[in-house]
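**Q** What follows is a structure written as structure tokens; I'll ask about it next.
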Amino acid sequence: MRTSRILALAALLGLASAAAAADLRVVQRQKKFLVDRLDIRVGDTVRFVNDDEVSHNLYSATPGMQFEVRIQQPGQSDKVTFKKAGVALVQCAIHPQMNLRISVAP
Ligand SMILES: [Cu+2]
């Protein structure tokens, strides 16, 4: 009886945290990110939007926080879900001046 109540509560909490996961957008325009910092939480998804006239190639080489979006043509957007807490430094392989710091809170 007691165990099943705890399991039910855990299920409720799981649903609540899944519902709270946010969907955020980061726009690239004129060879820049429109924001240079982003604070998110584990489970959040960031949509990287290339609203530029040139291609971009986003990646993070930060240990433990690596990902690669690969080549994005103008108008293209791609989603990345962050499953670990930490700080990811996002850069563009084509434009080294592009920098974005994403802090992922637990
Ligand atoms: Cu670029």
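Identifiers in the structure tokens: chain A, B, ... in order shown; residue index from 1 per chain; ligand index from 1 in order shown.
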Would you give me, as a tab-separated table, each residue of chain A having an atom within 12 Å of an atom of ligand 1, along with its shortest atom pair and that distance in Å to one decimal, using only C-alpha atoms and all ligand atoms and sorting by chain and residue number?
**A**
residue	atom	partner	partner_atom_place_in_ligand_line	distance
A:Val27	CA	ligand 1	1 (Cu)	11.4
A:Gln28	CA	ligand 1	1 (Cu)	7.9
A:Arg29	CA	ligand 1	1 (Cu)	9.1
A:Gln30	CA	ligand 1	1 (Cu)	9.0
A:Lys31	CA	ligand 1	1 (Cu)	5.6
A:Lys32	CA	ligand 1	1 (Cu)	7.5
A:Phe33	CA	ligand 1	1 (Cu)	9.1
A:Phe48	CA	ligand 1	1 (Cu)	11.6
A:Val49	CA	ligand 1	1 (Cu)	11.4
A:Asn50	CA	ligand 1	1 (Cu)	8.9
A:Asp51	CA	ligand 1	1 (Cu)	11.0
A:Asp52	CA	ligand 1	1 (Cu)	9.0
A:Glu53	CA	ligand 1	1 (Cu)	10.2
A:Val54	CA	ligand 1	1 (Cu)	7.4
A:Ser55	CA	ligand 1	1 (Cu)	6.1
A:His56	CA	ligand 1	1 (Cu)	3.6
A:Asn57	CA	ligand 1	1 (Cu)	5.7
A:Leu58	CA	ligand 1	1 (Cu)	7.0
A:Tyr59	CA	ligand 1	1 (Cu)	10.2
A:Val69	CA	ligand 1	1 (Cu)	11.3
A:Arg70	CA	ligand 1	1 (Cu)	10.5
A:Ile71	CA	ligand 1	1 (Cu)	9.0
A:Gln72	CA	ligand 1	1 (Cu)	8.7
A:Gln73	CA	ligand 1	1 (Cu)	10.1
A:Pro74	CA	ligand 1	1 (Cu)	10.4
A:Val90	CA	ligand 1	1 (Cu)	10.8
A:Gln91	CA	ligand 1	1 (Cu)	7.9
A:Cys92	CA	ligand 1	1 (Cu)	4.6
A:Ala93	CA	ligand 1	1 (Cu)	6.5
A:Ile94	CA	ligand 1	1 (Cu)	4.8
A:His95	CA	ligand 1	1 (Cu)	4.3
A:Pro96	CA	ligand 1	1 (Cu)	7.5
A:Gln97	CA	ligand 1	1 (Cu)	8.4
A:Met98	CA	ligand 1	1 (Cu)	6.7
A:Asn99	CA	ligand 1	1 (Cu)	9.7
A:Leu100	CA	ligand 1	1 (Cu)	11.7
**Q** Could you take the residues named above and write them with C-alpha atoms, as a short mmCIF file (atom, residue, chain, number, x, y, z; two decimals), in the first residue's frame?
**A**
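Saved the output as result.cif:
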data_model
loop_
_atom_site.label_atom_id
_atom_site.label_comp_id
_atom_site.auth_asym_id
_atom_site.auth_seq_id
_atom_site.Cartn_x
_atom_site.Cartn_y
_atom_site.Cartn_z
CA VAL A 27 18.69 32.53 -33.86
CA GLN A 28 21.78 33.01 -36.00
CA ARG A 29 21.78 36.19 -38.06
CA GLN A 30 24.55 38.25 -39.69
CA LYS A 31 27.13 35.65 -38.62
CA LYS A 32 26.22 36.06 -34.94
CA PHE A 33 24.05 34.44 -32.33
CA PHE A 48 19.03 26.44 -33.55
CA VAL A 49 17.60 28.58 -36.33
CA ASN A 50 19.74 29.74 -39.23
CA ASP A 51 18.05 33.04 -40.11
CA ASP A 52 21.07 34.13 -42.11
CA GLU A 53 22.15 34.38 -45.73
CA VAL A 54 25.07 32.01 -45.23
CA SER A 55 25.47 28.45 -43.97
CA HIS A 56 26.54 27.66 -40.42
CA ASN A 57 27.95 24.55 -38.79
CA LEU A 58 27.32 24.56 -35.05
CA TYR A 59 29.00 22.29 -32.58
CA VAL A 69 24.44 20.23 -35.66
CA ARG A 70 26.39 19.94 -38.95
CA ILE A 71 25.88 22.20 -41.95
CA GLN A 72 22.78 24.36 -41.73
CA GLN A 73 21.62 26.05 -44.90
CA PRO A 74 19.89 29.45 -44.66
CA VAL A 90 28.71 26.46 -28.83
CA GLN A 91 30.72 27.59 -31.82
CA CYS A 92 30.44 27.65 -35.59
CA ALA A 93 33.07 25.75 -37.56
CA ILE A 94 32.79 28.28 -40.40
CA HIS A 95 32.70 31.51 -38.37
CA PRO A 96 35.04 31.33 -35.37
CA GLN A 97 33.72 34.64 -34.02
CA MET A 98 30.36 33.01 -33.21
CA ASN A 99 30.17 32.02 -29.55
CA LEU A 100 27.28 30.98 -27.38
#
**Q** Distance CA of Leu38 in chain A-CA of Asp23 in chain A, one decimal place?
**A**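 Result for CA of Leu38 in chain A versus CA of Asp23 in chain A: 12.3 Å, one decimal.
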**Q** If you run DSSP on this backbone, which residues of chain A come out as alpha helix (DSSP H), and could you give them as a VMD selection string?
**A** chain A and resid 2 to 20
**Q** Okay, now the selection with N, CA and C atoms, as a JSON list (two decimals), in the first residue's frame?
**A**
[["chain", "number", "residue", "atom", "x", "y", "z"],
["A", 2, "ARG", "N", 1.77, 1.29, 0.97],
["A", 2, "ARG", "CA", 2.66, 2.44, 1.06],
["A", 2, "ARG", "C", 3.54, 2.55, -0.20],
["A", 3, "THR", "N", 4.08, 1.40, -0.64],
["A", 3, "THR", "CA", 4.95, 1.39, -1.82],
["A", 3, "THR", "C", 4.20, 1.89, -3.06],
["A", 4, "SER", "N", 2.96, 1.44, -3.21],
["A", 4, "SER", "CA", 2.24, 1.84, -4.42],
["A", 4, "SER", "C", 1.95, 3.34, -4.40],
["A", 5, "ARG", "N", 1.76, 3.90, -3.22],
["A", 5, "ARG", "CA", 1.54, 5.35, -3.15],
["A", 5, "ARG", "C", 2.80, 6.11, -3.56],
["A", 6, "ILE", "N", 3.95, 5.60, -3.10],
["A", 6, "ILE", "CA", 5.21, 6.26, -3.47],
["A", 6, "ILE", "C", 5.43, 6.17, -4.98],
["A", 7, "LEU", "N", 5.14, 5.01, -5.55],
["A", 7, "LEU", "CA", 5.30, 4.86, -7.00],
["A", 7, "LEU", "C", 4.37, 5.80, -7.74],
["A", 8, "ALA", "N", 3.15, 5.94, -7.25],
["A", 8, "ALA", "CA", 2.19, 6.84, -7.90],
["A", 8, "ALA", "C", 2.70, 8.28, -7.83],
["A", 9, "LEU", "N", 3.27, 8.65, -6.69],
["A", 9, "LEU", "CA", 3.80, 10.00, -6.54],
["A", 9, "LEU", "C", 4.97, 10.22, -7.49],
["A", 10, "ALA", "N", 5.85, 9.21, -7.59],
["A", 10, "ALA", "CA", 7.00, 9.31, -8.49],
["A", 10, "ALA", "C", 6.53, 9.49, -9.93],
["A", 11, "ALA", "N", 5.49, 8.77, -10.29],
["A", 11, "ALA", "CA", 4.97, 8.88, -11.66],
["A", 11, "ALA", "C", 4.43, 10.29, -11.90],
["A", 12, "LEU", "N", 3.75, 10.83, -10.90],
["A", 12, "LEU", "CA", 3.23, 12.19, -11.03],
["A", 12, "LEU", "C", 4.35, 13.20, -11.20],
["A", 13, "LEU", "N", 5.40, 13.05, -10.39],
["A", 13, "LEU", "CA", 6.53, 13.97, -10.47],
["A", 13, "LEU", "C", 7.20, 13.86, -11.83],
["A", 14, "GLY", "N", 7.33, 12.64, -12.33],
["A", 14, "GLY", "CA", 7.94, 12.42, -13.64],
["A", 14, "GLY", "C", 7.15, 13.14, -14.72],
["A", 15, "LEU", "N", 5.85, 13.03, -14.64],
["A", 15, "LEU", "CA", 5.00, 13.71, -15.62],
["A", 15, "LEU", "C", 5.17, 15.21, -15.52],
["A", 16, "ALA", "N", 5.24, 15.70, -14.28],
["A", 16, "ALA", "CA", 5.36, 17.14, -14.08],
["A", 16, "ALA", "C", 6.66, 17.67, -14.66],
["A", 17, "SER", "N", 7.78, 16.94, -14.44],
["A", 17, "SER", "CA", 9.04, 17.45, -14.95],
["A", 17, "SER", "C", 9.10, 17.35, -16.47],
["A", 18, "ALA", "N", 8.47, 16.31, -17.04],
["A", 18, "ALA", "CA", 8.46, 16.20, -18.50],
["A", 18, "ALA", "C", 7.67, 17.36, -19.09],
["A", 19, "ALA", "N", 6.57, 17.72, -18.43],
["A", 19, "ALA", "CA", 5.73, 18.80, -18.95],
["A", 19, "ALA", "C", 6.45, 20.14, -18.85],
["A", 20, "ALA", "N", 7.38, 20.25, -17.88],
["A", 20, "ALA", "CA", 8.05, 21.53, -17.66],
["A", 20, "ALA", "C", 9.22, 21.76, -18.61]]
**Q** Smallest atom-to-atom distance to Arg25 in chain A: which of A:Val42, A:Val80, A:Ala61, A:Ala88, using only C-alpha atoms?
**A** A:Val80
**Q** Among the residues of range 17-49 of chain A, find those DSSP assigns to strand (DSSP E) from the backbone and print them as a list in words.
**A**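 Secondary structure check on range 17-49 of chain A, strand (DSSP E): Asp23, Leu24, Arg25, Val26, Val27, Gln28, Arg29, Lys32, Phe33, Arg37, Leu38, Asp39, Ile40, Arg41, Thr45, Val46, Arg47, Phe48 and Val49 of chain A.
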**Q** Using only C-alpha atoms, which of A:Ser77, A:Asp39, A:Leu89, A:Asp44 sits nearest Pro63 in chain A?
**A** A:Leu89
**Q** Do you know which residues are at most 8 Å from Thr81 in chain A counting only C-alpha atoms, after dropping those on the same chain fewer than 6 positions away, and could you put them as a PyMOL selection string?
**A** chain A and resi 43-46
**Q** Pull N, CA and C atoms from the residues just selected and write them as a PDB file, in the first residue's frame.
**A**
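Contents of the output file part.pdb:
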ATOM      1  N   GLY A  43      16.945  18.426 -19.929  1.00  0.00           N
ATOM      2  CA  GLY A  43      15.709  17.998 -20.578  1.00  0.00           C
ATOM      3  C   GLY A  43      15.164  19.033 -21.552  1.00  0.00           C
ATOM      4  N   ASP A  44      15.667  20.271 -21.462  1.00  0.00           N
ATOM      5  CA  ASP A  44      15.195  21.304 -22.384  1.00  0.00           C
ATOM      6  C   ASP A  44      15.753  21.062 -23.790  1.00  0.00           C
ATOM      7  N   THR A  45      15.004  21.526 -24.754  1.00  0.00           N
ATOM      8  CA  THR A  45      15.419  21.408 -26.159  1.00  0.00           C
ATOM      9  C   THR A  45      15.652  22.799 -26.726  1.00  0.00           C
ATOM     10  N   VAL A  46      16.776  22.949 -27.414  1.00  0.00           N
ATOM     11  CA  VAL A  46      17.084  24.222 -28.064  1.00  0.00           C
ATOM     12  C   VAL A  46      17.004  24.030 -29.572  1.00  0.00           C
TER      13      VAL A  46
END
